[in-house]
>>> print(open('protein-v2.cif').read())   # mmCIF, C-alpha atoms, pLDDT in the B column; chains and numbers go by the auth columns
data_protein
#
loop_
_atom_site.group_PDB
_atom_site.id
_atom_site.type_symbol
_atom_site.label_atom_id
_atom_site.label_comp_id
_atom_site.label_asym_id
_atom_site.label_seq_id
_atom_site.Cartn_x
_atom_site.Cartn_y
_atom_site.Cartn_z
_atom_site.B_iso_or_equiv
_atom_site.auth_seq_id
_atom_site.auth_asym_id
ATOM 1 C CA MET A 1 -10.577 -30.894 34.383 52.00 18 S
ATOM 2 C CA GLN A 2 -8.477 -34.046 34.417 58.00 19 S
ATOM 3 C CA LEU A 3 -5.501 -34.582 36.726 61.00 20 S
ATOM 4 C CA GLU A 4 -2.241 -34.479 34.830 61.00 21 S
ATOM 5 C CA PHE A 5 0.786 -36.346 36.097 70.00 22 S
ATOM 6 C CA PHE A 6 3.041 -35.255 33.247 76.00 23 S
ATOM 7 C CA ASP A 7 3.512 -31.883 31.649 83.00 24 S
ATOM 8 C CA VAL A 8 2.138 -31.471 28.128 88.00 25 S
ATOM 9 C CA PRO A 9 5.102 -31.676 25.725 90.00 26 S
ATOM 10 C CA SER A 10 5.746 -28.807 23.364 90.00 27 S
ATOM 11 C CA PRO A 11 4.350 -29.417 19.866 90.00 28 S
ATOM 12 C CA CYS A 12 7.461 -27.776 18.371 91.00 29 S
ATOM 13 C CA MET A 13 8.774 -29.545 15.255 90.00 30 S
ATOM 14 C CA GLY A 14 11.925 -27.474 14.961 90.00 31 S
ATOM 15 C CA VAL A 15 10.844 -25.695 11.769 88.00 32 S
ATOM 16 C CA CYS A 16 10.466 -22.253 13.394 86.00 33 S
ATOM 17 C CA GLN A 17 9.237 -20.324 10.366 91.00 34 S
ATOM 18 C CA SER A 18 6.048 -18.299 10.190 90.00 35 S
ATOM 19 C CA ASP A 19 3.441 -18.286 7.453 88.00 36 S
ATOM 20 C CA GLU A 20 1.541 -15.236 6.165 88.00 37 S
ATOM 21 C CA LYS A 21 -0.784 -15.315 9.199 88.00 38 S
ATOM 22 C CA GLY A 22 2.052 -15.532 11.740 89.00 39 S
ATOM 23 C CA ASN A 23 1.505 -19.200 12.593 91.00 40 S
ATOM 24 C CA CYS A 24 4.506 -21.528 12.813 93.00 41 S
ATOM 25 C CA LEU A 25 4.856 -23.760 9.745 92.00 42 S
ATOM 26 C CA GLY A 26 5.897 -26.702 11.920 93.00 43 S
ATOM 27 C CA CYS A 27 3.579 -26.723 14.940 94.00 44 S
ATOM 28 C CA TYR A 28 0.947 -24.157 13.839 94.00 45 S
ATOM 29 C CA ARG A 29 1.165 -22.150 17.064 94.00 46 S
ATOM 30 C CA THR A 30 0.737 -18.395 16.988 94.00 47 S
ATOM 31 C CA ARG A 31 3.587 -16.150 18.030 93.00 48 S
ATOM 32 C CA GLU A 32 1.934 -15.468 21.386 94.00 49 S
ATOM 33 C CA GLU A 33 1.380 -19.177 22.002 94.00 50 S
ATOM 34 C CA ARG A 34 5.044 -19.904 21.285 93.00 51 S
ATOM 35 C CA GLN A 35 6.267 -17.138 23.568 93.00 52 S
ATOM 36 C CA THR A 36 3.992 -17.977 26.511 94.00 53 S
ATOM 37 C CA TRP A 37 4.224 -21.782 26.278 94.00 54 S
ATOM 38 C CA ILE A 38 6.447 -22.123 29.367 92.00 55 S
ATOM 39 C CA ASN A 39 4.056 -20.096 31.544 93.00 56 S
ATOM 40 C CA LEU A 40 0.824 -21.848 30.437 93.00 57 S
ATOM 41 C CA THR A 41 -0.997 -24.342 32.640 92.00 58 S
ATOM 42 C CA SER A 42 -1.379 -27.942 31.450 90.00 59 S
ATOM 43 C CA ASP A 43 -5.039 -27.298 30.680 92.00 60 S
ATOM 44 C CA ASN A 44 -4.185 -24.267 28.519 94.00 61 S
ATOM 45 C CA LYS A 45 -1.377 -26.186 26.807 94.00 62 S
ATOM 46 C CA GLN A 46 -3.873 -28.888 25.811 93.00 63 S
ATOM 47 C CA LYS A 47 -6.186 -26.216 24.412 95.00 64 S
ATOM 48 C CA VAL A 48 -3.306 -24.773 22.391 95.00 65 S
ATOM 49 C CA VAL A 49 -2.480 -28.233 21.007 95.00 66 S
ATOM 50 C CA LYS A 50 -6.147 -28.714 19.978 95.00 67 S
ATOM 51 C CA ARG A 51 -6.178 -25.318 18.245 95.00 68 S
ATOM 52 C CA CYS A 52 -2.961 -26.223 16.445 94.00 69 S
ATOM 53 C CA LEU A 53 -4.532 -29.435 15.141 94.00 70 S
ATOM 54 C CA GLN A 54 -7.527 -27.443 13.878 94.00 71 S
ATOM 55 C CA ARG A 55 -5.240 -24.955 12.127 93.00 72 S
ATOM 56 C CA LYS A 56 -3.303 -27.800 10.519 92.00 73 S
ATOM 57 C CA LYS A 57 -6.492 -29.416 9.224 92.00 74 S
ATOM 58 C CA ARG A 58 -7.729 -26.089 7.807 90.00 75 S
ATOM 59 C CA LYS A 59 -4.409 -25.340 6.133 88.00 76 S
ATOM 60 C CA ASN A 60 -4.032 -28.820 4.624 88.00 77 S
ATOM 61 C CA ALA A 61 -7.672 -29.106 3.529 88.00 78 S
ATOM 62 C CA LYS A 62 -8.313 -29.017 -0.163 78.00 79 S
ATOM 63 C CA PRO A 63 -9.586 -25.587 -1.118 77.00 80 S
ATOM 64 C CA LYS A 64 -13.212 -25.495 -2.108 78.00 81 S
ATOM 65 C CA VAL A 65 -13.374 -24.504 -5.729 78.00 82 S
ATOM 66 C CA LYS A 66 -16.361 -22.438 -6.637 77.00 83 S
ATOM 67 C CA VAL A 67 -17.409 -23.249 -10.177 74.00 84 S
ATOM 68 C CA ILE A 68 -18.584 -20.212 -12.066 70.00 85 S
ATOM 69 C CA PRO A 69 -20.551 -21.109 -15.157 67.00 86 S
ATOM 70 C CA THR A 70 -19.129 -19.454 -18.219 65.00 87 S
ATOM 71 C CA GLN A 71 -21.355 -17.750 -20.710 61.00 88 S
ATOM 72 C CA ILE A 72 -21.760 -19.423 -24.049 61.00 89 S
ATOM 73 C CA GLU A 73 -19.429 -17.735 -26.450 61.00 90 S
ATOM 74 C CA THR A 74 -21.062 -16.589 -29.646 66.00 91 S
ATOM 75 C CA GLN A 75 -19.173 -17.747 -32.658 71.00 92 S
ATOM 76 C CA GLN A 76 -18.763 -15.578 -35.694 75.00 93 S
ATOM 77 C CA PRO A 77 -20.717 -17.082 -38.568 73.00 94 S
ATOM 78 C CA SER A 78 -18.748 -18.579 -41.396 78.00 95 S
ATOM 79 C CA LEU A 79 -18.989 -17.155 -44.899 80.00 96 S
ATOM 80 C CA LEU A 80 -19.932 -20.643 -46.080 82.00 97 S
ATOM 81 C CA ASP A 81 -22.974 -20.841 -43.757 78.00 98 S
ATOM 82 C CA PRO A 82 -26.336 -20.083 -45.362 79.00 99 S
ATOM 83 C CA GLN A 83 -27.455 -16.562 -44.662 76.00 100 S
ATOM 84 C CA SER A 84 -30.239 -16.123 -42.198 74.00 101 S
ATOM 85 C CA LYS A 85 -32.977 -13.838 -43.383 73.00 102 S
ATOM 86 C CA ALA A 86 -33.497 -10.893 -41.112 69.00 103 S
ATOM 87 C CA LYS A 87 -37.091 -10.483 -40.007 70.00 104 S
ATOM 88 C CA LEU A 88 -38.416 -6.958 -39.952 66.00 105 S
ATOM 89 C CA ASP A 89 -40.707 -5.926 -37.152 67.00 106 S
ATOM 90 C CA PRO A 90 -43.500 -3.797 -38.694 65.00 107 S
ATOM 91 C CA SER A 91 -44.415 -2.279 -35.353 66.00 108 S
ATOM 92 C CA THR A 92 -41.189 -0.270 -35.400 63.00 109 S
ATOM 93 C CA ASP A 93 -41.716 1.188 -38.907 62.00 110 S
ATOM 94 C CA LEU A 94 -41.924 4.982 -38.999 65.00 111 S
ATOM 95 C CA ASP A 95 -44.317 6.843 -41.231 65.00 112 S
ATOM 96 C CA PHE A 96 -42.461 9.490 -43.255 63.00 113 S
ATOM 97 C CA GLY A 97 -45.436 10.402 -45.478 65.00 114 S
ATOM 98 C CA ASP A 98 -45.675 13.974 -44.111 65.00 115 S
ATOM 99 C CA PHE A 99 -41.970 14.610 -44.288 61.00 116 S
ATOM 100 C CA GLU A 100 -40.925 17.606 -46.411 67.00 117 S
ATOM 101 C CA LEU A 101 -37.504 18.293 -47.825 61.00 118 S
#
>>> encode(input="protein-v2.cif", output="structure tokens")
Amino acid sequence: MQLEFFDVPSPCMGVCQSDEKGNCLGCYRTREERQTWINLTSDNKQKVVKRCLQRKKRKNAKPKVKVIPTQIETQQPSLLDPQSKAKLDPSTDLDFGDFEL
């Protein structure tokens, strides 16, 4: 722990609005950190300031975009395309020689 001759100044920017997580949009402190700032020790105030800087970096970081490969879309054949000949698989042929009507 380092000796402090001056109190750690409040990181307040005067914005005083909360985001969806409850952090201040100006200084990035949580509600609890804002309310207890006066009662915190200098050491704890420095820790709060470091956490605020981390929150700011996370919030302002470019979101990582996960690229999902798309499946190749099958195109409907054109009427002008040459017809492909269907190949019959003889292993699937059924014998109806004994079939009676």
>>> axis_aligned_box(input="protein-v2.cif", around="range 70-84 of chain S", padding_each_side="3 Å", output="AutoDock Vina command-line options")
--center_x -10.4 --center_y -25.9 --center_z 2.5 --size_x 20.1 --size_y 13.0 --size_z 31.3
>>> residues_around(input="protein-v2.cif", residues="Arg51 in chain S", least_positions_apart="5", cutoff="12 Å", atoms="only C-alpha atoms", output="ChimeraX atom specification")
/S:27-30,33-35,39-41,43-46,56-57,62,65-66,69
>>> closest_residue(input="protein-v2.cif", among="S:Gln93, S:Gln52, S:Leu42, S:Gln100", to="Asn77 in chain S", atoms="only C-alpha atoms")
S:Leu42
>>> closest_residue(input="protein-v2.cif", among="S:Ile85, S:Ala78, S:Ile55, S:Leu70", to="Val25 in chain S", atoms="all atoms listed in the file")
S:Ile55
>>> atom_distance(input="protein-v2.cif", atom1="CA of Thr58 in chain S", atom2="CA of Lys76 in chain S")
26.7 Å
>>> atom_distance(input="protein-v2.cif", atom1="CA of Glu37 in chain S", atom2="CA of Arg75 in chain S")
14.4 Å
>>> atom_distance(input="protein-v2.cif", atom1="CA of Val32 in chain S", atom2="CA of Lys79 in chain S")
22.8 Å
>>> build_atoms(input="protein-v2.cif", residues="range 70-81 of chain S", atoms="all heavy atoms", output="mmCIF file, in the frame of the given file")
data_model
loop_
_atom_site.group_PDB
_atom_site.id
_atom_site.type_symbol
_atom_site.label_atom_id
_atom_site.label_comp_id
_atom_site.auth_asym_id
_atom_site.auth_seq_id
_atom_site.Cartn_x
_atom_site.Cartn_y
_atom_site.Cartn_z
ATOM 1 N N LEU S 70 -4.029 -28.369 16.009
ATOM 2 C CA LEU S 70 -4.532 -29.435 15.141
ATOM 3 C C LEU S 70 -5.625 -28.916 14.206
ATOM 4 O O LEU S 70 -5.677 -29.286 13.032
ATOM 5 C CB LEU S 70 -5.057 -30.596 15.983
ATOM 6 C CG LEU S 70 -3.996 -31.389 16.757
ATOM 7 C CD1 LEU S 70 -4.656 -32.396 17.690
ATOM 8 C CD2 LEU S 70 -3.042 -32.076 15.807
ATOM 9 N N GLN S 71 -6.483 -28.036 14.722
ATOM 10 C CA GLN S 71 -7.527 -27.443 13.878
ATOM 11 C C GLN S 71 -6.916 -26.581 12.782
ATOM 12 O O GLN S 71 -7.357 -26.618 11.628
ATOM 13 C CB GLN S 71 -8.483 -26.618 14.727
ATOM 14 C CG GLN S 71 -9.353 -27.441 15.644
ATOM 15 C CD GLN S 71 -10.148 -26.586 16.613
ATOM 16 O OE1 GLN S 71 -9.884 -25.402 16.781
ATOM 17 N NE2 GLN S 71 -11.135 -27.192 17.258
ATOM 18 N N ARG S 72 -5.905 -25.801 13.139
ATOM 19 C CA ARG S 72 -5.240 -24.955 12.127
ATOM 20 C C ARG S 72 -4.586 -25.805 11.053
ATOM 21 O O ARG S 72 -4.622 -25.475 9.867
ATOM 22 C CB ARG S 72 -4.183 -24.080 12.803
ATOM 23 C CG ARG S 72 -4.752 -22.983 13.656
ATOM 24 C CD ARG S 72 -3.652 -22.128 14.261
ATOM 25 N NE ARG S 72 -4.196 -21.324 15.348
ATOM 26 C CZ ARG S 72 -3.728 -21.300 16.579
ATOM 27 N NH1 ARG S 72 -2.663 -22.010 16.914
ATOM 28 N NH2 ARG S 72 -4.291 -20.559 17.499
ATOM 29 N N LYS S 73 -3.965 -26.914 11.482
ATOM 30 C CA LYS S 73 -3.303 -27.800 10.519
ATOM 31 C C LYS S 73 -4.318 -28.399 9.558
ATOM 32 O O LYS S 73 -4.077 -28.444 8.347
ATOM 33 C CB LYS S 73 -2.557 -28.903 11.263
ATOM 34 C CG LYS S 73 -1.783 -29.826 10.361
ATOM 35 C CD LYS S 73 -1.016 -30.856 11.162
ATOM 36 C CE LYS S 73 -0.214 -31.753 10.244
ATOM 37 N NZ LYS S 73 0.552 -32.749 11.014
ATOM 38 N N LYS S 74 -5.457 -28.847 10.086
ATOM 39 C CA LYS S 74 -6.492 -29.416 9.224
ATOM 40 C C LYS S 74 -7.007 -28.387 8.230
ATOM 41 O O LYS S 74 -7.218 -28.687 7.057
ATOM 42 C CB LYS S 74 -7.662 -29.934 10.065
ATOM 43 C CG LYS S 74 -7.372 -31.227 10.763
ATOM 44 C CD LYS S 74 -8.581 -31.683 11.565
ATOM 45 C CE LYS S 74 -8.295 -32.930 12.359
ATOM 46 N NZ LYS S 74 -9.458 -33.340 13.165
ATOM 47 N N ARG S 75 -7.241 -27.150 8.705
ATOM 48 C CA ARG S 75 -7.729 -26.089 7.807
ATOM 49 C C ARG S 75 -6.715 -25.773 6.723
ATOM 50 O O ARG S 75 -7.066 -25.574 5.567
ATOM 51 C CB ARG S 75 -8.023 -24.827 8.604
ATOM 52 C CG ARG S 75 -9.482 -24.611 8.881
ATOM 53 C CD ARG S 75 -9.670 -23.285 9.520
ATOM 54 N NE ARG S 75 -8.708 -23.193 10.611
ATOM 55 C CZ ARG S 75 -8.919 -22.685 11.802
ATOM 56 N NH1 ARG S 75 -10.043 -22.145 12.082
ATOM 57 N NH2 ARG S 75 -8.013 -22.674 12.730
ATOM 58 N N LYS S 76 -5.438 -25.718 7.105
ATOM 59 C CA LYS S 76 -4.409 -25.340 6.133
ATOM 60 C C LYS S 76 -4.198 -26.441 5.101
ATOM 61 O O LYS S 76 -3.970 -26.167 3.930
ATOM 62 C CB LYS S 76 -3.100 -25.028 6.848
ATOM 63 C CG LYS S 76 -2.012 -24.562 5.922
ATOM 64 C CD LYS S 76 -1.132 -23.574 6.571
ATOM 65 C CE LYS S 76 -0.133 -23.060 5.559
ATOM 66 N NZ LYS S 76 0.099 -21.678 5.703
ATOM 67 N N ASN S 77 -4.287 -27.706 5.531
ATOM 68 C CA ASN S 77 -4.032 -28.820 4.624
ATOM 69 C C ASN S 77 -5.276 -29.287 3.884
ATOM 70 O O ASN S 77 -5.187 -30.167 3.037
ATOM 71 C CB ASN S 77 -3.419 -29.991 5.395
ATOM 72 C CG ASN S 77 -2.043 -29.644 5.925
ATOM 73 O OD1 ASN S 77 -1.356 -28.785 5.401
ATOM 74 N ND2 ASN S 77 -1.639 -30.307 6.993
ATOM 75 N N ALA S 78 -6.441 -28.723 4.213
ATOM 76 C CA ALA S 78 -7.672 -29.106 3.529
ATOM 77 C C ALA S 78 -7.627 -28.631 2.089
ATOM 78 O O ALA S 78 -7.048 -27.595 1.769
ATOM 79 C CB ALA S 78 -8.882 -28.507 4.235
ATOM 80 N N LYS S 79 -8.243 -29.414 1.243
ATOM 81 C CA LYS S 79 -8.313 -29.017 -0.163
ATOM 82 C C LYS S 79 -9.197 -27.792 -0.269
ATOM 83 O O LYS S 79 -10.286 -27.755 0.305
ATOM 84 C CB LYS S 79 -8.884 -30.142 -1.012
ATOM 85 C CG LYS S 79 -7.963 -31.327 -1.111
ATOM 86 C CD LYS S 79 -8.557 -32.389 -1.984
ATOM 87 C CE LYS S 79 -7.632 -33.581 -2.063
ATOM 88 N NZ LYS S 79 -8.193 -34.650 -2.894
ATOM 89 N N PRO S 80 -8.753 -26.787 -0.997
ATOM 90 C CA PRO S 80 -9.586 -25.587 -1.118
ATOM 91 C C PRO S 80 -10.860 -25.900 -1.895
ATOM 92 O O PRO S 80 -10.851 -26.652 -2.856
ATOM 93 C CB PRO S 80 -8.703 -24.601 -1.894
ATOM 94 C CG PRO S 80 -7.697 -25.460 -2.589
ATOM 95 C CD PRO S 80 -7.518 -26.691 -1.741
ATOM 96 N N LYS S 81 -11.942 -25.325 -1.422
ATOM 97 C CA LYS S 81 -13.212 -25.495 -2.108
ATOM 98 C C LYS S 81 -13.210 -24.610 -3.343
ATOM 99 O O LYS S 81 -13.043 -23.407 -3.251
ATOM 100 C CB LYS S 81 -14.372 -25.127 -1.193
ATOM 101 C CG LYS S 81 -14.522 -26.058 -0.014
ATOM 102 C CD LYS S 81 -15.696 -25.659 0.845
ATOM 103 C CE LYS S 81 -15.828 -26.571 2.031
ATOM 104 N NZ LYS S 81 -16.928 -26.179 2.902
#
